[in-house]
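K.L.:
Structure file target.txt (compact mmCIF, C-alpha atoms) right here:
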```txt
# COMPACT_ATOMS: atom_id res chain seq x y z
CA MET S 155 83.83 100.34 73.66
CA VAL S 156 85.02 96.74 73.92
CA ALA S 157 84.31 94.62 77.00
CA LEU S 158 85.07 91.03 77.88
CA THR S 159 81.75 90.54 79.70
CA THR S 160 78.37 92.25 79.54
CA ILE S 161 75.16 92.04 81.55
CA LEU S 162 71.72 93.57 81.11
CA LEU S 163 70.00 95.48 83.90
CA ARG S 164 66.34 96.47 83.84
CA SER S 165 65.35 99.57 85.78
CA LYS S 166 62.46 102.02 85.56
CA PHE S 167 64.31 104.40 87.83
CA ALA S 168 67.83 105.28 86.73
CA ARG S 169 69.98 108.39 87.02
CA ARG S 170 73.45 109.32 85.85
CA MET S 171 75.77 111.71 87.69
CA PRO S 172 79.26 113.00 86.92
CA ASP S 173 82.06 112.52 89.41
CA PRO S 174 82.75 115.76 91.35
CA ILE S 175 86.53 115.34 91.05
CA ASP S 176 87.24 113.31 87.91
CA PRO S 177 85.10 114.35 84.92
CA LYS S 178 85.95 111.07 83.13
CA LYS S 179 84.14 109.02 85.75
CA GLU S 180 80.39 108.58 85.81
CA HIS S 181 78.09 107.22 88.49
CA HIS S 182 74.87 105.46 87.54
CA PHE S 183 72.18 104.87 90.19
CA MET S 184 69.36 102.38 89.56
CA TRP S 185 66.56 100.79 91.54
CA VAL S 186 66.56 97.17 90.35
CA ALA S 187 64.02 94.49 91.27
CA ALA S 188 65.61 91.36 92.75
CA GLN S 189 64.04 89.12 90.11
CA ASP S 190 65.57 91.30 87.37
CA LEU S 191 69.15 90.89 88.59
CA PRO S 192 71.26 88.87 86.12
CA GLU S 193 72.37 85.39 87.13
CA SER S 194 75.97 86.51 87.53
CA ILE S 195 77.93 89.70 87.85
CA PRO S 196 81.74 89.46 87.66
CA ALA S 197 83.09 89.58 91.21
CA ASN S 198 86.75 90.26 90.40
CA PRO S 199 87.18 93.48 92.44
CA ASN S 200 85.62 91.98 95.58
CA PRO S 201 88.56 91.14 97.87
CA ARG S 202 86.97 88.17 99.65
CA PRO S 203 84.65 85.24 99.02
CA SER S 204 81.21 85.37 100.58
CA ASN S 205 80.26 83.71 103.85
CA THR S 206 76.51 83.77 104.33
CA ASP S 207 76.82 81.88 107.62
CA LEU S 208 77.82 85.07 109.46
CA ALA S 209 75.11 86.40 111.80
CA VAL S 210 74.93 89.78 110.06
CA TYR S 211 74.00 88.09 106.79
CA GLN S 212 71.25 86.07 108.44
CA GLU S 213 69.79 89.46 109.34
CA VAL S 214 70.08 90.53 105.69
CA LEU S 215 68.23 87.35 104.64
CA ASP S 216 65.47 87.91 107.20
CA SER S 217 65.04 91.48 105.97
CA PHE S 218 64.87 90.34 102.35
CA LEU S 219 62.27 87.67 103.18
CA ASN S 220 60.20 90.11 105.31
CA LYS S 221 60.73 87.90 108.36
CA GLY S 222 60.83 88.74 112.05
CA ALA S 223 60.45 92.39 112.95
CA SER S 224 61.19 93.58 109.40
CA THR S 225 58.66 95.97 107.91
CA PRO S 226 57.59 94.27 104.66
CA TYR S 227 59.19 95.36 101.40
CA THR S 228 61.60 97.88 102.92
CA PHE S 229 64.76 95.94 102.04
CA HIS S 230 65.89 98.66 99.62
CA LEU S 231 65.73 101.26 102.41
CA LYS S 232 67.88 99.26 104.84
CA ASN S 233 70.45 97.65 102.55
CA LYS S 234 73.52 99.49 101.26
CA GLY S 235 72.97 97.99 97.84
CA LEU S 236 75.40 96.78 95.20
CA ASP S 237 78.53 98.71 94.19
CA ILE S 238 79.74 97.84 90.70
CA ILE S 239 82.82 98.99 88.80
CA ALA S 240 82.38 98.80 85.02
CA SER S 241 83.81 100.02 81.74
CA TYR S 242 80.54 101.51 80.52
CA VAL S 243 76.78 101.70 80.96
CA LYS S 244 74.66 102.01 77.80
CA ASN S 245 70.89 102.50 77.53
CA THR S 246 69.98 99.95 74.83
CA GLU S 247 66.18 100.30 74.98
CA LYS S 248 63.52 101.63 77.31
CA ASP S 249 64.33 100.72 80.93
CA GLN S 250 67.16 98.41 79.84
CA TYR S 251 70.89 99.01 80.29
CA GLU S 252 73.93 97.15 79.01
CA VAL S 253 76.85 97.12 81.43
CA GLY S 254 80.30 96.14 80.15
CA PHE S 255 83.26 94.87 82.17
CA ASN S 256 86.94 94.24 81.58
CA SER S 257 88.85 91.50 83.42
CA SER S 258 89.41 93.51 86.63
CA GLU S 259 85.93 95.00 86.99
CA GLY S 260 82.66 93.77 88.45
CA LEU S 261 80.88 93.63 91.80
CA ALA S 262 83.08 95.54 94.26
CA ASN S 263 80.77 95.39 97.28
CA GLY S 264 77.49 93.69 98.14
CA LYS S 265 78.31 90.14 97.08
CA HIS S 266 76.55 88.63 100.09
CA SER S 267 73.40 90.67 99.42
CA PHE S 268 73.54 89.73 95.74
CA GLU S 269 73.74 85.99 96.51
CA ILE S 270 70.93 86.21 99.04
CA MET S 271 68.70 88.04 96.55
CA LYS S 272 69.38 85.67 93.67
CA LYS S 273 68.68 82.59 95.78
CA ASN S 274 65.41 83.92 97.19
CA ALA S 275 64.03 86.35 94.57
CA LYS S 276 61.21 84.03 93.44
CA GLU S 277 60.08 83.50 97.01
CA VAL S 278 59.56 87.12 97.97
CA GLY S 279 58.36 89.12 94.98
CA ASP S 280 58.92 92.87 94.62
CA GLN S 281 62.01 93.56 96.69
CA TYR S 282 64.30 96.20 95.25
CA VAL S 283 67.96 97.05 95.69
CA LEU S 284 69.99 100.14 94.87
CA VAL S 285 72.64 99.43 92.24
CA LYS S 286 75.44 101.98 91.89
CA ILE S 287 77.75 101.62 88.90
CA THR S 288 80.96 103.63 88.58
CA THR S 289 82.65 103.73 85.17
CA ASN S 290 86.13 104.66 83.93
CA VAL S 291 87.95 103.69 87.13
CA HIS S 292 91.72 103.43 86.58
CA PRO S 293 92.84 99.76 86.86
CA ASP S 294 95.38 100.60 89.57
CA PHE S 295 92.63 102.09 91.73
CA VAL S 296 90.09 99.27 91.42
CA ALA S 297 91.44 97.21 94.35
CA GLU S 298 91.74 100.27 96.60
CA MET S 299 88.20 101.36 95.79
CA ALA S 300 86.82 97.88 96.48
CA MET S 301 88.70 97.78 99.79
CA GLY S 302 87.18 101.11 100.84
CA LEU S 303 83.66 99.97 99.99
CA ASN S 304 84.00 96.75 102.03
CA THR S 305 83.87 98.36 105.47
CA SER S 306 80.61 97.16 107.05
CA VAL S 307 82.33 93.86 107.91
CA GLN S 308 86.03 94.62 107.81
CA VAL S 309 87.99 92.92 105.05
CA HIS S 310 91.01 91.01 106.30
CA SER S 311 94.43 92.20 105.16
CA GLU S 312 95.24 88.91 103.43
CA SER S 313 92.18 89.27 101.18
CA ILE S 314 93.27 92.76 100.16
CA LEU S 315 96.87 91.66 99.52
CA ASN S 316 95.59 88.74 97.45
CA GLN S 317 93.47 91.10 95.40
CA LYS S 318 96.57 93.21 94.74
CA GLY S 319 98.51 90.14 93.56
CA ALA S 320 100.99 90.15 96.47
CA PHE S 321 100.80 86.35 96.80
CA ASP S 322 101.08 85.58 93.09
CA TRP S 323 104.73 84.54 93.30
CA ILE S 324 103.93 82.12 96.13
CA LYS S 325 101.12 80.58 94.10
CA GLU S 326 103.49 80.22 91.15
CA VAL S 327 106.18 78.49 93.24
CA LEU S 328 103.67 76.05 94.77
CA LYS S 329 101.33 75.55 91.80
CA ASN S 330 102.53 72.02 90.96
CA GLU S 331 102.51 70.73 94.53
CA SER S 332 99.79 68.37 95.76
CA TYR S 333 98.83 70.90 98.43
CA ALA S 334 98.52 73.91 96.09
CA ASP S 335 94.71 74.00 96.43
CA LYS S 336 94.82 73.49 100.21
CA ILE S 337 96.13 76.97 101.00
CA SER S 338 93.67 79.77 101.68
CA TYR S 339 94.83 83.15 100.37
CA VAL S 340 91.66 84.99 101.44
CA GLU S 341 89.35 84.93 104.42
CA ASN S 342 86.23 82.74 104.75
CA LEU S 343 87.77 79.64 103.16
CA ASN S 344 88.01 76.57 105.37
CA LEU S 345 91.26 75.05 104.11
CA PRO S 346 94.09 73.24 105.97
CA MET S 347 96.62 76.09 105.61
CA ASP S 348 96.03 79.81 105.95
CA ILE S 349 98.31 82.21 104.07
CA ARG S 350 98.92 84.12 107.33
CA GLU S 351 100.31 80.97 108.92
CA LEU S 352 102.43 80.25 105.85
CA ILE S 353 103.88 83.77 105.97
CA SER S 354 104.59 83.35 109.69
CA ILE S 355 106.68 80.31 108.75
CA MET S 356 108.47 82.35 106.08
CA VAL S 357 109.28 85.05 108.65
CA LEU S 358 111.38 82.49 110.55
CA PHE S 359 113.75 82.17 107.58
CA ASN S 360 113.90 85.77 106.40
CA ILE S 361 117.48 86.57 107.37
CA ASP S 362 117.21 90.14 106.10
CA ILE S 363 114.60 90.97 108.72
CA ASN S 364 115.92 88.56 111.36
CA SER S 365 119.64 89.00 110.85
CA LEU S 366 122.12 86.42 112.11
CA GLU S 367 124.76 89.11 112.55
CA GLY S 368 125.54 90.94 115.77
CA ASN S 369 123.42 90.01 118.78
CA VAL S 370 121.29 87.17 117.44
CA ALA S 371 119.23 87.12 120.64
CA ASP S 372 117.73 90.47 119.61
CA LYS S 373 116.77 89.07 116.22
CA HIS S 374 114.84 85.95 117.18
CA PRO S 375 111.48 86.25 115.37
CA LYS S 376 109.40 85.16 118.34
CA TYR S 377 106.54 87.42 117.18
CA ALA S 378 105.94 84.86 114.41
CA TYR S 379 104.45 82.58 117.07
CA SER S 380 101.59 84.85 118.12
CA ALA S 381 101.40 87.91 115.85
CA LYS S 382 100.13 86.89 112.41
CA ALA S 383 99.10 90.48 111.69
CA LYS S 384 102.67 91.68 112.26
CA CYS S 385 104.02 88.94 110.01
CA LEU S 386 101.58 89.94 107.28
CA ALA S 387 102.62 93.58 107.70
CA GLN S 388 106.28 92.56 107.37
CA PHE S 389 105.42 90.71 104.16
CA GLU S 390 103.67 93.78 102.79
CA GLU S 391 106.47 96.16 103.80
CA HIS S 392 109.35 93.98 102.55
CA PRO S 393 108.09 92.16 99.43
CA GLU S 394 111.55 91.94 97.83
CA SER S 395 113.03 90.40 100.96
CA PHE S 396 110.35 87.70 101.21
CA GLY S 397 110.64 87.05 97.50
CA LYS S 398 114.20 85.88 98.12
CA LEU S 399 112.73 82.74 99.73
CA ARG S 400 111.27 81.42 96.47
CA LEU S 401 114.02 78.81 95.86
CA ILE S 402 113.81 77.24 99.32
CA LEU S 403 110.16 77.86 100.22
CA LYS S 404 109.01 74.31 99.46
CA ASP S 405 111.92 72.90 101.51
CA ILE S 406 111.01 75.13 104.46
CA LEU S 407 107.42 73.88 104.39
CA VAL S 408 108.59 70.25 104.32
CA LEU S 409 110.89 70.95 107.27
CA HIS S 410 107.98 72.56 109.14
CA ASP S 411 105.77 69.49 108.83
CA THR S 412 108.64 67.08 109.45
CA ILE S 413 109.56 68.69 112.78
CA LYS S 414 105.88 69.02 113.72
CA LEU S 415 105.42 65.29 113.16
CA GLU S 416 108.73 63.97 114.48
CA GLY S 417 109.26 66.33 117.43
CA PRO S 418 107.52 64.03 119.94
CA LEU S 419 109.48 61.03 118.61
CA MET S 420 112.75 62.93 118.98
CA HIS S 421 111.84 63.76 122.55
CA ASN S 422 111.29 60.09 123.30
CA LYS S 423 114.69 59.24 121.80
CA GLN S 424 116.43 61.37 124.40
CA GLY S 425 114.75 59.43 127.15
CA GLY S 426 111.56 61.35 127.83
CA LYS S 427 107.86 60.69 127.48
CA ALA S 428 106.43 63.15 124.99
CA GLY S 429 102.85 62.23 125.80
CA ALA S 430 103.15 63.84 129.22
CA LEU S 431 104.28 67.24 127.90
CA GLY S 432 101.96 70.21 127.48
CA TYR S 433 103.56 71.25 124.21
CA VAL S 434 102.81 67.91 122.56
CA GLU S 435 99.25 68.01 121.26
CA LYS S 436 97.07 64.93 120.93
CA ARG S 437 93.90 64.40 118.92
CA THR S 438 91.39 61.89 120.25
CA LYS S 439 89.26 61.77 117.11
CA SER S 440 90.23 62.96 113.63
CA PRO S 441 93.95 63.48 112.88
CA ILE S 442 95.39 66.72 111.53
CA GLU S 443 96.60 66.88 107.96
CA LEU S 444 100.27 67.70 107.36
CA ILE S 445 99.79 68.85 103.80
CA PHE S 446 103.44 69.62 103.02
CA ILE S 447 104.56 66.02 103.61
CA ASP S 448 101.23 64.38 102.74
CA LYS S 449 100.73 62.68 106.10
CA GLU S 450 98.23 62.67 108.96
CA THR S 451 98.87 62.42 112.68
CA LYS S 452 97.07 62.57 116.00
CA VAL S 453 100.21 63.48 117.97
CA TYR S 454 102.29 66.49 117.03
CA LEU S 455 104.46 69.32 118.29
CA SER S 456 102.57 72.46 119.28
CA LYS S 457 103.42 75.75 117.63
CA GLY S 458 105.05 77.12 120.79
CA ALA S 459 107.69 74.40 120.60
CA LEU S 460 107.75 73.98 116.82
CA PHE S 461 108.53 77.55 115.80
CA PRO S 462 111.64 78.07 117.97
CA VAL S 463 113.09 74.76 116.74
CA LEU S 464 112.24 75.52 113.13
CA ALA S 465 113.70 79.03 113.38
CA ALA S 466 117.05 77.64 114.53
CA PHE S 467 117.50 76.17 111.05
CA ARG S 468 117.68 79.63 109.48
CA TRP S 469 121.38 79.33 110.27
CA PHE S 470 121.56 77.18 107.12
CA VAL S 471 120.25 80.00 104.93
CA LYS S 472 122.46 82.41 102.99
CA GLU S 473 121.98 84.87 100.15
CA ASP S 474 123.41 83.76 96.84
CA PRO S 475 125.61 86.64 95.58
CA LYS S 476 124.74 85.96 91.94
CA SER S 477 120.96 85.56 92.06
CA GLY S 478 120.30 87.56 95.23
CA LEU S 479 118.00 84.73 96.38
CA TYR S 480 118.22 82.67 99.55
CA VAL S 481 119.81 79.23 99.23
CA TRP S 482 121.04 76.54 101.62
CA LYS S 483 124.63 77.26 102.61
CA LYS S 484 125.75 73.63 102.88
CA LYS S 485 126.82 71.68 99.79
CA GLY S 486 124.36 68.95 100.64
CA GLY S 487 121.48 71.39 100.29
CA PHE S 488 118.18 70.54 101.89
CA ASP S 489 119.09 66.88 102.30
CA GLU S 490 121.82 67.95 104.68
CA VAL S 491 119.39 70.16 106.60
CA LEU S 492 117.07 67.20 107.06
CA SER S 493 119.95 64.97 108.13
CA VAL S 494 120.92 67.52 110.80
CA TRP S 495 117.37 67.39 112.16
CA LYS S 496 117.39 63.58 112.14
CA LYS S 497 120.71 63.52 113.97
CA HIS S 498 120.32 66.37 116.45
CA GLY S 499 116.55 66.48 116.90
CA PRO S 500 116.73 64.82 120.34
CA ARG S 501 119.14 67.53 121.57
CA LEU S 502 116.87 70.28 120.31
CA MET S 503 113.85 68.71 121.99
CA SER S 504 115.79 68.44 125.23
CA SER S 505 116.49 72.15 124.94
CA VAL S 506 112.77 72.81 124.45
CA GLN S 507 111.93 70.79 127.55
CA SER S 508 114.38 72.80 129.65
CA ALA S 509 112.82 76.05 128.42
CA TYR S 510 109.36 74.60 129.12
CA ASN S 511 110.31 73.90 132.72
CA ALA S 512 111.81 77.40 133.02
CA VAL S 513 108.51 79.08 132.05
CA GLY S 514 106.47 77.12 134.58
CA LYS S 515 105.39 74.44 132.10
CA ASP S 516 103.17 76.89 130.25
CA PRO S 517 102.89 75.88 126.54
CA ASN S 518 101.81 79.38 125.50
CA ALA S 519 104.63 81.12 127.38
CA LEU S 520 107.05 78.66 125.78
CA GLY S 521 106.56 80.20 122.33
CA LYS S 522 106.73 83.77 123.59
CA ASN S 523 109.86 83.44 125.74
CA THR S 524 113.22 84.53 124.33
CA VAL S 525 114.90 81.75 126.31
CA THR S 526 113.20 79.11 124.17
CA TRP S 527 114.33 80.68 120.91
CA SER S 528 117.87 81.35 122.13
CA SER S 529 118.37 77.90 123.61
CA THR S 530 117.22 75.99 120.52
CA TYR S 531 119.37 78.15 118.25
CA SER S 532 122.40 77.83 120.54
CA GLU S 533 121.91 74.07 120.89
CA LEU S 534 121.89 73.60 117.12
CA LEU S 535 125.04 75.67 116.68
CA SER S 536 126.77 73.79 119.50
CA ALA S 537 125.95 70.47 117.82
CA LEU S 538 127.33 71.70 114.49
CA LEU S 539 130.53 73.04 116.10
CA GLU S 540 131.09 69.75 117.88
CA GLU S 541 130.82 67.98 114.54
CA GLN S 542 133.48 70.28 113.10
CA ASP S 543 135.79 69.56 116.04
CA ASP S 544 135.32 65.84 115.56
CA ASN S 545 136.32 66.18 111.92
```
Can you give me the file's structure in the form of structure tokens?

P.N.:
Amino acid sequence: MVALTTILLRSKFARRMPDPIDPKKEHHFMWVAAQDLPESIPANPNPRPSNTDLAVYQEVLDSFLNKGASTPYTFHLKNKGLDIIASYVKNTEKDQYEVGFNSSEGLANGKHSFEIMKKNAKEVGDQYVLVKITTNVHPDFVAEMAMGLNTSVQVHSESILNQKGAFDWIKEVLKNESYADKISYVENLNLPMDIRELISIMVLFNIDINSLEGNVADKHPKYAYSAKAKCLAQFEEHPESFGKLRLILKDILVLHDTIKLEGPLMHNKQGGKAGALGYVEKRTKSPIELIFIDKETKVYLSKGALFPVLAAFRWFVKEDPKSGLYVWKKKGGFDEVLSVWKKHGPRLMSSVQSAYNAVGKDPNALGKNTVTWSSTYSELLSALLEEQDDN
């Protein structure tokens, strides 16, 4: 058997059991002393990075260190142990086992416990942990199995989708951008942009899901403002449809940050005072980072105002009949889209202010109200039609 990576486990107490359903699978159970754990176990199947700052893992640490009310040296009786997926387990000598992994196998559950044990093994002495190793798992089932094992603290959907490779095309499109490493595709990473927020932005421009035909008012994607879980579900259910955005995705992200930054300025151009509005946010200390345009600002448009304005620009999107991908419908491409924002931004912000007044000056209600989405979309179309009449 050939493996890309191997580790050695030492255990005086080890048992092997066949799988009750699939005779090809085997399950190996071992009591392993913390100090005998190898320095690293491949963590490829685990759908999320560890976060040992969570309260539940402080409890795991206290138990491991025999602190507080913990009965000493009972860690192995209270911890679920480590679940490992491997290609094979081979007894190489007395009480020693070689475990081999391919590129998709490794520690499927228990990463937090593993890191806690490795960091503190020398301090505590004879603490043990149950290690369960399952071999001959079909590659297509590895992610599903890991997801099922990670249930004590629920794994977020984005981590599971990332494990399945659902975001790979997005990573490929954005890989050469300066902000490529500033997007979090899994939970527990403190980065400027979360993949759920990025997908919410993509929802605004998915004209398959949010059709511009018929009664557009029924198709305004206002759920993108407050329902990240629904947006993520849409992405999972319609992968081909979202994949159509690959040619214009970077443009959409630039437009997002541009409107977020310039929205208050556009409001001032039409004679108002943006600083007095509830949907214009202000930072007193550190500025926010607008990673898609490489700028920082302390004054910016809130999401409740930003998303309806941004969504209006989906009018410029069409499906290319040859490639089947979304493109900009105007000959000027994205430059023309930006020029429309520069020219008609004040009108759009005036429309937002009217909607804001209509919902009782509630910034949260602004993003949830159909009136906001309809008025910004209608205002943009009116401006474009007036231009046509002038020509």

K.L.:
Hey, which of S:Thr530, S:Ser258, S:Met184, S:Asp249 ends up closest to S:Leu158? Count all atoms listed in the file.

P.N.:
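Looking only at the distances to S:Leu158, the closest residue turns out to be S:Ser258.
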
K.L.:
Between atom CA of S:Gly499 and atom CA of S:Ser456, what is the spacing in Å?

P.N.:
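Computed distance, atom CA of S:Ser456 to atom CA of S:Gly499, equals 15.4 Å.
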
K.L.:
When you count all atoms listed in the file, which of these residues is closest to S:Thr289: S:Ile238, S:Ile447, S:Ala512, S:Ala466?

P.N.:
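Answer, going by the shortest atom-to-atom distance: S:Ile238.
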
K.L.:
Between atom CA of S:Trp469 and atom CA of S:Ser536, measure the distance and give it in Å to one decimal.

P.N.:
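Computing the Euclidean distance for atom CA of S:Trp469 and atom CA of S:Ser536 yields 12.0 Å.
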
K.L.:
Using only C-alpha atoms, which of the listed residues (S:Glu490, S:Tyr251, S:Lys497, S:Ile445) sits closest to S:Met420?

P.N.:
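Closest to S:Met420, using only C-alpha atoms: S:Lys497.
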
K.L.:
Enter the distance from atom CA of S:Leu386 to atom CA of S:Asn263, in Å, rounded to one decimal.

P.N.:
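Going from atom CA of S:Leu386 over to atom CA of S:Asn263, I get 23.7 Å.
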
K.L.:
Counting all atoms listed in the file, figure out which residue out of S:Ser267, S:Ser395, S:Asn290, S:Gln281 gets nearest to S:Ile239.

P.N.:
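So, comparing all the options, the nearest one is S:Asn290.
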
K.L.:
In the coordinates of the file, take the point (103.4, 81.6, 105.7) and a cut-off of 12 Å; then, counting only C-alpha atoms, name each qualifying protein, DNA or RNA residue as an NGL selection string.

P.N.:
:S and (312 or 321 or 324-325 or 337-339 or 347-360 or 378-379 or 382-383 or 385-386 or 388-389 or 396 or 399 or 403-404 or 406-407 or 410)

K.L.:
Output the selection as a CSV table (one decimal), in the frame of the given file - C-alpha atoms for each residue.

P.N.:
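Resulting contents of result35.csv:
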```
chain,number,residue,atom,x,y,z
S,312,GLU,CA,95.2,88.9,103.4
S,321,PHE,CA,100.8,86.4,96.8
S,324,ILE,CA,103.9,82.1,96.1
S,325,LYS,CA,101.1,80.6,94.1
S,337,ILE,CA,96.1,77.0,101.0
S,338,SER,CA,93.7,79.8,101.7
S,339,TYR,CA,94.8,83.2,100.4
S,347,MET,CA,96.6,76.1,105.6
S,348,ASP,CA,96.0,79.8,106.0
S,349,ILE,CA,98.3,82.2,104.1
S,350,ARG,CA,98.9,84.1,107.3
S,351,GLU,CA,100.3,81.0,108.9
S,352,LEU,CA,102.4,80.2,105.8
S,353,ILE,CA,103.9,83.8,106.0
S,354,SER,CA,104.6,83.4,109.7
S,355,ILE,CA,106.7,80.3,108.8
S,356,MET,CA,108.5,82.4,106.1
S,357,VAL,CA,109.3,85.0,108.6
S,358,LEU,CA,111.4,82.5,110.6
S,359,PHE,CA,113.8,82.2,107.6
S,360,ASN,CA,113.9,85.8,106.4
S,378,ALA,CA,105.9,84.9,114.4
S,379,TYR,CA,104.4,82.6,117.1
S,382,LYS,CA,100.1,86.9,112.4
S,383,ALA,CA,99.1,90.5,111.7
S,385,CYS,CA,104.0,88.9,110.0
S,386,LEU,CA,101.6,89.9,107.3
S,388,GLN,CA,106.3,92.6,107.4
S,389,PHE,CA,105.4,90.7,104.2
S,396,PHE,CA,110.4,87.7,101.2
S,399,LEU,CA,112.7,82.7,99.7
S,403,LEU,CA,110.2,77.9,100.2
S,404,LYS,CA,109.0,74.3,99.5
S,406,ILE,CA,111.0,75.1,104.5
S,407,LEU,CA,107.4,73.9,104.4
S,410,HIS,CA,108.0,72.6,109.1
```

K.L.:
Within 12 Å of (120.0, 80.3, 114.8) in the file's own coordinates, which protein, DNA or RNA residues have an atom, counting all atoms listed in the file? List them as number ranges by chain.

P.N.:
S: 358-361, 364-367, 369-375, 461-471, 502, 526-538

K.L.:
S:Tyr377, S:Trp495, S:Trp482, S:Tyr282: which is nearest S:Gly521, counting only C-alpha atoms?

P.N.:
S:Tyr377

K.L.:
Restricting the calculation to only C-alpha atoms: of S:Lys439, S:His181, S:Lys484, S:Lys273, which residue gets closest to S:Glu193?

P.N.:
S:Lys273

K.L.:
Show which residues sit within 10 Å of S:Asp405, as a list in words. Count only C-alpha atoms, and ignore same-chain residues fewer than 3 positions away.

P.N.:
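In the requested format, the answer is Arg400, Leu401, Ile402, Val408, Leu409, His410, Phe446, Trp482, Gly487, Phe488, Asp489, Val491 and Leu492 of chain S.
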